[in-house]
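Colleague: Here it is: the structure, laid out below.
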Protein chains: 2
Amino acid sequence: MADDKKLTTRAADFSAWYNEVVLRSELADYSPVRGCMVIRPNGYGIWERMQRRLDDMFKATGHQNAYFPLFIPESFLHKEAEHVEGFAPEAAVVTHGGGKLLEEPLVVRPTSETIIYSMFAKWVQSYRDLPLLINQWANVVRWEMRTRLFLRTTEFLWQEGHTAHTTHDEAEEEARRMLGVYRDFMEGHIAMPVITGQKTDAEKFAGALRTYSCEAMMQDNRALQAGTSHNLGQNFAKAFELSFQSESGSTEFAWNTSWGVSTRMVGGLVMTHGDDLGLRVPPLLAPIEVVIVPIYRSDEERSKVLEAANAIVGSLAEWAGRGTERIRVHVDAREGMKPGAKYYEWELRGIPLRLELGPRDLAANQGVLVRRDTREKRPVSLSTIGEDLAETLSTIQREMLAAALDRREAHSVRDHITYDRFRELMEGEGGFVYAGWCGAGACETEIKNDTKATIRCLPDEEFRSADAPTTCLKCGRPSTVEALWAKAY
Amino acid sequence: MADDKKLTTRAADFSAWYNEVVLRSELADYSPVRGCMVIRPNGYGIWERMQRRLDDMFKATGHQNAYFPLFIPESFLHKEAEHVEGFAPEAAVVTHGGGKLLEEPLVVRPTSETIIYSMFAKWVQSYRDLPLLINQWANVVRWEMRTRLFLRTTEFLWQEGHTAHTTHDEAEEEARRMLGVYRDFMEGHIAMPVITGQKTDAEKFAGALRTYSCEAMMQDNRALQAGTSHNLGQNFAKAFELSFQSESGSTEFAWNTSWGVSTRMVGGLVMTHGDDLGLRVPPLLAPIEVVIVPIYRSDEERSKVLEAANAIVGSLAEWAGRGTERIRVHVDAREGMKPGAKYYEWELRGIPLRLELGPRDLAANQGVLVRRDTREKRPVSLSTIGEDLAETLSTIQREMLAAALDRREAHSVRDHITYDRFRELMEGEGGFVYAGWCGAGACETEIKNDTKATIRCLPDEEFRSADAPTTCLKCGRPSTVEALWAKAY
């Protein structure tokens, strides 16, 4: 694994840095299939931890998992007018099966609204069958022209929640609730702060009434849309005849929501926390939280130090100070490799803590603990190692979020800048710009054409400026709403 | 959910019974896509528990999860001669992407040997990189002409393990180890006894050196191939140039194994344990182990009984007699539905235990516990409810396996029957027949053409008859090996 050539720095070329980190820390690799990547065990281990936690959160909010077909009859996509316009151009199409030309081509699902609501229509008769709260973990395919590892690939892994409700307000509440779940997860686990808000009509999901999103700032000051939640209104219910008998006996169309996050979040993690030495993984998502590197000069020292390392592993397996969640520790006992080379490799992979253990440390009943995030180094007593590791890991988790938040705020502009200054910013260092908007699609489009920046969202109240903007960034007319502008992935 | 019409009995029409159980217990449903099914929450909940346990077992044997592309360039399939012959006829082919005809068609993976070993070839340089032990949870597609819910569908969910080793013997050991893991899981969790053994050349995996399988007997006395493990030899390594530098410096091809189990196991569970009232789910795989049905005649009684039911749920959440694995309990508090209708529904769904709770029971500090498997009914004290439920669940798990084992042995024939008797059996009640085989493909083919029975496997030593057969079932020549014959799914 260890490729001793130094990483390109973030400052020199952020994009090259990102690819190098992903490849060299073995999160993922290019595949022989155009636009598709392979998620390697280091990357999949992070995704698995994301899945496990999100799945628990979905279940705690009343959702159940199910699985729907990979293939969607082409005619289904056409049943919702905006939906087909949005997704048909990106479709991968199966035309042959079992050696024969198919009567109707099948689209490999780009998202599953159509197939899922056609099934809901079969299952729902009465208001008693609602709400129906379903989630699916699946792969989806969108034929992308320009792909980036994790951020934009032809095939990706995600979850898609799909729900049906009796009223608009209940669907709205659900769409909002799941946006909140996403935010909690992204901040609490990825340590990646996000701005939540509503998408403009130009940016909303094809077929939705309203789309909400979580927008995070990467270290190149670009925005990453990290998750979306849609109030679909009755658009799909009407297209697929998803109706129910109401309590009063009338027949009504159901109200739907859908919401999804994907392996893109792994890319967000890298671009939020990585540094010029490689990855930094927040402890809650790290498959290994602590790596023990034994230091020795003789076989005798080696067996003594390894014995002590294994004793620590044993004591941590017993230690119940974190309840049923044991500290995930690994002893790097590889022979023929110097400690320095091991440090380098584990730093590249972003493991949160390294415990160096040598004969002199052992004599003092201690080890040397090194934090990956701050590189802070200090002796720790082996007598209280469980408590100390757990507390440090929890400190790291907290401080990684705080650092990311500080970074974001340092690159956020709320002081009513001119359009000239805005263009200058977008051509230069970038960042999040909060500005007034008149609500006209024309201004939105012109700004996008001028600067490549888009309205990431109309931020929720808690993110809006105390000193609200009064005029549109572009046309100078009165502002109807505050918008968050940024260049995005 | 409750469709009050009685199920078709197993005796009347096993196949109709199976479909009705799957549909009415809401394990799965037909989809609008030919040959593809929808796995509903009741079915997916069982699959999730299967996944979780198997995943733990794979990790405990040193494997890591990864994810490889859904699409395989058509030319890849052609690199291994037997493999393409086996899988090309069943291929679903993507010919168009992003609105354009693709230069090379992409096959939706029917299995991933080709794409995975092409990546292994990139990652493996030296013997130090081996063994490489990877597993993938994924969907796969095989264009089947005749489909059955869970048993044979165009798309299905599975895991596929793929490993690379330095020697034939190490690969053989791995293929055998994973067959053992499958057997442990099937017997220990699905409570479905299996015969393990080697497939004949006619029945082995396309491209394998040797295939091993787990064969279970369903209640119609047919065999279900529930899992396979392959020693692939160097076939794929040669096709994809997966070579490594050995310790002595020479360049050698790696030795591969692959192994998989799928959602088909859910079908096996149904056909092993279901009865004329519906499903019976082994406790270890049941998303709900105990359902509490409150019995009352007035609102006052209702609130009293529900309060007691919730108190039981609370006490079970606290009760740590099963370690971190809490008893999965659900209170069926639905209004406007009689207890009898609830019993019917939970029996149909196969929940292992029902606890009936009425005012008179409460006065005696007890409930009435009903086992789904035996329908045995007895009072239980609420003071020791945790211990009692846990012990009963563990008894049910054990007795379901024992009952399935007894059934299988009662329909297994080891007494050197004549070919005429064999034909009679296969035309009638079916069953597992242990018989001698001369090893000639001709005899195997003739028997298959005559009777539709196939050699399920050449059983491992522990399953072979004490009184070994000496002549071939078909031709009467000396037997070279004992074979297990049955009609199969």
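Within each chain, counting starts at residue 1; across the structure tokens, chains are named A, B, ... in the order shown, with ligands numbered 1 upward in that order.
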Give as JSON, numbers by chain every residue of chain A that touches chain B within 9 Å, counting only C-alpha atoms.
Modeller: {"A": [29, 31, 32, 33, 36, 37, 38, 39, 40, 41, 42, 43, 44, 45, 48, 64, 65, 66, 67, 68, 69, 70, 71, 72, 73, 88, 89, 90, 91, 92, 93, 94, 95, 96, 97, 98, 99, 106, 107, 108, 115, 118, 119, 134, 138, 139, 142, 143, 144, 145, 155, 156, 324]}
Colleague: Running DSSP on the backbone, which parts of stretch 178-327 of chain A land in strand (DSSP E), as a PyMOL selection string?
Modeller: chain A and resi 195-198+210-217+223-233+243-245+251-253+255-262+290-294
Colleague: Only C-alpha atoms, please: the residues just picked out, written as a PDB file, in the first residue's frame.
Modeller:
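Output saved as result-v9.pdb:
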```pdb
ATOM      1  CA  ILE A 195     -26.886  24.137   6.098  1.00  0.00           C
ATOM      2  CA  THR A 196     -30.449  22.920   5.604  1.00  0.00           C
ATOM      3  CA  GLY A 197     -32.981  24.647   3.436  1.00  0.00           C
ATOM      4  CA  GLN A 198     -35.276  24.470   0.468  1.00  0.00           C
ATOM      5  CA  ARG A 210     -40.562  20.849  -2.768  1.00  0.00           C
ATOM      6  CA  THR A 211     -37.019  19.618  -2.246  1.00  0.00           C
ATOM      7  CA  TYR A 212     -34.983  20.187   0.912  1.00  0.00           C
ATOM      8  CA  SER A 213     -31.256  19.565   1.122  1.00  0.00           C
ATOM      9  CA  CYS A 214     -28.226  19.433   3.389  1.00  0.00           C
ATOM     10  CA  GLU A 215     -25.348  21.494   2.013  1.00  0.00           C
ATOM     11  CA  ALA A 216     -21.837  21.087   3.359  1.00  0.00           C
ATOM     12  CA  MET A 217     -18.736  23.140   2.625  1.00  0.00           C
ATOM     13  CA  ALA A 223     -20.645  23.144  -1.617  1.00  0.00           C
ATOM     14  CA  LEU A 224     -21.505  19.472  -1.559  1.00  0.00           C
ATOM     15  CA  GLN A 225     -25.185  18.524  -1.645  1.00  0.00           C
ATOM     16  CA  ALA A 226     -24.979  15.705   0.859  1.00  0.00           C
ATOM     17  CA  GLY A 227     -28.596  14.595   1.084  1.00  0.00           C
ATOM     18  CA  THR A 228     -32.066  15.549  -0.102  1.00  0.00           C
ATOM     19  CA  SER A 229     -35.612  15.065   1.116  1.00  0.00           C
ATOM     20  CA  HIS A 230     -38.619  15.675  -1.099  1.00  0.00           C
ATOM     21  CA  ASN A 231     -42.261  16.433  -0.509  1.00  0.00           C
ATOM     22  CA  LEU A 232     -43.595  14.860  -3.699  1.00  0.00           C
ATOM     23  CA  GLY A 233     -47.110  16.152  -3.224  1.00  0.00           C
ATOM     24  CA  SER A 243     -55.413   6.423  -3.796  1.00  0.00           C
ATOM     25  CA  PHE A 244     -57.163   5.503  -0.562  1.00  0.00           C
ATOM     26  CA  GLN A 245     -60.566   5.614   1.009  1.00  0.00           C
ATOM     27  CA  THR A 251     -61.456   8.468  -2.443  1.00  0.00           C
ATOM     28  CA  GLU A 252     -58.295  10.573  -2.275  1.00  0.00           C
ATOM     29  CA  PHE A 253     -54.790  10.511  -3.659  1.00  0.00           C
ATOM     30  CA  TRP A 255     -49.204  12.338  -0.427  1.00  0.00           C
ATOM     31  CA  ASN A 256     -45.655  11.051  -0.874  1.00  0.00           C
ATOM     32  CA  THR A 257     -42.168  11.842   0.299  1.00  0.00           C
ATOM     33  CA  SER A 258     -38.830  10.450  -0.758  1.00  0.00           C
ATOM     34  CA  TRP A 259     -35.381  11.076   0.669  1.00  0.00           C
ATOM     35  CA  GLY A 260     -31.900   9.743   0.045  1.00  0.00           C
ATOM     36  CA  VAL A 261     -28.251   9.803   0.941  1.00  0.00           C
ATOM     37  CA  SER A 262     -25.492   7.894  -0.804  1.00  0.00           C
ATOM     38  CA  VAL A 290      -7.029   2.904  17.622  1.00  0.00           C
ATOM     39  CA  VAL A 291      -4.022   1.240  16.087  1.00  0.00           C
ATOM     40  CA  ILE A 292      -1.300  -0.069  18.376  1.00  0.00           C
ATOM     41  CA  VAL A 293       2.172   0.068  16.830  1.00  0.00           C
ATOM     42  CA  PRO A 294       4.733  -2.038  18.707  1.00  0.00           C
TER      43      PRO A 294
END
```
Colleague: Using Å and a single decimal, report how far atom CA of A:Gly278 sits from atom CA of A:Asp55.
Modeller: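 Distance reported for this atom pair: 28.7 Å.
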Colleague: Could you give me, as JSON, numbers by chain, each residue of stretch 325-461 of chain A that DSSP assigns to alpha helix (DSSP H) when run on this structure's backbone?
Modeller: {"A": [339, 340, 341, 342, 343, 344, 345, 346, 347, 348, 349, 359, 360, 361, 362, 363, 385, 386, 387, 388, 389, 390, 391, 392, 393, 394, 395, 396, 397, 398, 399, 400, 401, 402, 403, 404, 405, 406, 407, 408, 409, 410, 419, 420, 421, 422, 423, 424, 425, 426, 427, 441, 442, 443, 444, 445, 446, 447, 448, 449, 450, 451]}
Colleague: May I have the selected residues written with C-alpha atoms, as a compact mmCIF listing (two decimals), in the first residue's frame?
Modeller:
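Saved the output as result.txt:
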```txt
# COMPACT_ATOMS: atom_id res chain seq x y z
CA PRO A 339 7.38 1.87 12.92
CA GLY A 340 7.76 5.05 10.85
CA ALA A 341 6.42 3.33 7.75
CA LYS A 342 3.49 2.07 9.77
CA TYR A 343 2.78 5.55 11.16
CA TYR A 344 2.79 6.91 7.64
CA GLU A 345 0.33 4.32 6.45
CA TRP A 346 -2.12 4.69 9.34
CA GLU A 347 -1.97 8.46 9.04
CA LEU A 348 -2.77 8.16 5.34
CA ARG A 349 -5.75 5.97 6.24
CA PRO A 359 9.95 -1.51 26.06
CA ARG A 360 10.71 1.77 27.86
CA ASP A 361 7.00 2.69 27.82
CA LEU A 362 6.07 -0.67 29.22
CA ALA A 363 8.58 -0.29 32.04
CA ILE A 385 -6.36 3.03 29.04
CA GLY A 386 -10.05 2.31 28.32
CA GLU A 387 -11.30 5.51 29.91
CA ASP A 388 -8.52 7.54 28.34
CA LEU A 389 -9.06 6.23 24.81
CA ALA A 390 -12.84 6.57 25.01
CA GLU A 391 -12.60 10.13 26.26
CA THR A 392 -10.01 11.12 23.68
CA LEU A 393 -12.05 9.59 20.85
CA SER A 394 -15.08 11.50 21.98
CA THR A 395 -13.01 14.70 22.18
CA ILE A 396 -11.72 14.11 18.65
CA GLN A 397 -15.24 13.58 17.34
CA ARG A 398 -16.38 16.83 18.93
CA GLU A 399 -13.36 18.86 17.88
CA MET A 400 -13.48 17.66 14.28
CA LEU A 401 -17.01 19.02 13.99
CA ALA A 402 -16.01 22.28 15.67
CA ALA A 403 -13.02 22.69 13.34
CA ALA A 404 -15.17 22.07 10.27
CA LEU A 405 -17.74 24.54 11.54
CA ASP A 406 -15.07 27.19 12.12
CA ARG A 407 -13.73 26.62 8.62
CA ARG A 408 -17.15 26.99 7.10
CA GLU A 409 -17.97 30.16 8.98
CA ALA A 410 -14.57 31.65 8.11
CA TYR A 419 -22.27 41.51 -7.53
CA ASP A 420 -18.78 42.49 -8.69
CA ARG A 421 -17.30 41.34 -5.42
CA PHE A 422 -19.39 38.16 -5.68
CA ARG A 423 -17.97 37.38 -9.13
CA GLU A 424 -14.46 38.05 -7.87
CA LEU A 425 -15.05 35.64 -4.96
CA MET A 426 -16.45 32.92 -7.18
CA GLU A 427 -13.52 33.25 -9.56
CA GLY A 441 -35.48 32.44 -12.37
CA ALA A 442 -33.78 34.85 -14.77
CA CYS A 443 -31.47 36.23 -12.08
CA GLU A 444 -30.68 32.71 -10.89
CA THR A 445 -29.80 31.60 -14.43
CA GLU A 446 -27.73 34.66 -15.22
CA ILE A 447 -25.67 34.30 -12.08
CA LYS A 448 -25.10 30.63 -12.85
CA ASN A 449 -24.00 31.43 -16.40
CA ASP A 450 -21.73 34.26 -15.21
CA THR A 451 -20.06 32.51 -12.29
```
Colleague: One decimal, in Å: what's the spacing between atom CA of B:Lys5 and atom CA of B:Leu277?
Modeller: 11.1 Å
Colleague: Just give me the gap between atom CA of B:Gly274 and atom CA of B:Ala12 in Å, one decimal is fine.
Modeller: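 Pair atom CA of B:Gly274 / atom CA of B:Ala12 returns 14.4 Å.
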Colleague: Skipping near chain neighbours, those fewer than 6 positions away, what residues fall within 9 Å of stretch 470-483 of chain B using only C-alpha atoms, listed as a list in words?
Modeller: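 Answer for this query is His416, Ile417, Thr418, Tyr419, Phe422, Val433, Tyr434, Ala435, Gly436, Trp437, Cys438, Gly439, Cys443, Glu444, Glu446, Ile447, Ile455, Arg456, Cys457, Leu458, Pro459 and Arg464 of chain B.
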Colleague: Just want the 8 Å neighbourhood of A:Leu316, counted on only C-alpha atoms, with same-chain residues fewer than 2 positions away dropped. Output as a list in words.
Modeller: Ile312, Val313, Gly314, Glu318, Trp319, Ala320, Arg326, Ile327 and Gly386 of chain A
Colleague: Using only C-alpha atoms, which residues sit within 12 Å of A:Glu335 once same-chain residues fewer than 3 positions away are excluded, as a PyMOL selection string?
Modeller: (chain A and resi 293-299+302-303+306+331-332+338-339+341-342) or (chain B and resi 128)
Colleague: Near B:Ala206, counting only C-alpha atoms, which residues have an atom at most 8 Å away, once you skip same-chain residues fewer than 5 positions from it, shown as a list in words?
Modeller: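 After dropping sequence-adjacent residues, the list is Glu82, His83, Val84, Glu85, Gly86 and Phe87 of chain B.
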Colleague: Using only N, CA and C atoms, please write the residues we just selected to a file, as a PDB file, in the first residue's frame.
Modeller:
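Dumped to again_35.pdb:
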```pdb
ATOM      1  N   GLU B  82     -15.749 -21.905 -20.003  1.00  0.00           N
ATOM      2  CA  GLU B  82     -16.923 -22.569 -19.431  1.00  0.00           C
ATOM      3  C   GLU B  82     -17.884 -21.556 -18.829  1.00  0.00           C
ATOM      4  N   HIS B  83     -17.288 -20.499 -18.264  1.00  0.00           N
ATOM      5  CA  HIS B  83     -18.085 -19.482 -17.584  1.00  0.00           C
ATOM      6  C   HIS B  83     -19.059 -18.812 -18.554  1.00  0.00           C
ATOM      7  N   VAL B  84     -18.575 -18.426 -19.711  1.00  0.00           N
ATOM      8  CA  VAL B  84     -19.438 -17.740 -20.672  1.00  0.00           C
ATOM      9  C   VAL B  84     -20.538 -18.679 -21.162  1.00  0.00           C
ATOM     10  N   GLU B  85     -20.181 -19.940 -21.340  1.00  0.00           N
ATOM     11  CA  GLU B  85     -21.164 -20.924 -21.782  1.00  0.00           C
ATOM     12  C   GLU B  85     -22.298 -21.047 -20.760  1.00  0.00           C
ATOM     13  N   GLY B  86     -21.917 -20.967 -19.483  1.00  0.00           N
ATOM     14  CA  GLY B  86     -22.913 -21.112 -18.426  1.00  0.00           C
ATOM     15  C   GLY B  86     -23.787 -19.884 -18.248  1.00  0.00           C
ATOM     16  N   PHE B  87     -23.204 -18.706 -18.396  1.00  0.00           N
ATOM     17  CA  PHE B  87     -23.946 -17.504 -18.015  1.00  0.00           C
ATOM     18  C   PHE B  87     -24.434 -16.624 -19.164  1.00  0.00           C
TER      19      PHE B  87
END
```
Colleague: Considering only C-alpha atoms, can you say which of B:Ala121, B:Leu54, B:Val270, B:Ala486 comes closest to B:Gly188?
Modeller: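 Result for the nearest residue to B:Gly188: B:Leu54.
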Colleague: Env of B:Leu130: 10 Å cut, atoms = only C-alpha atoms, seq-sep filter 2 positions within chain, self excluded. Answer as an MDAnalysis selection string.
Modeller: chainID B and resid 124:128 132:133 163:166 244 254
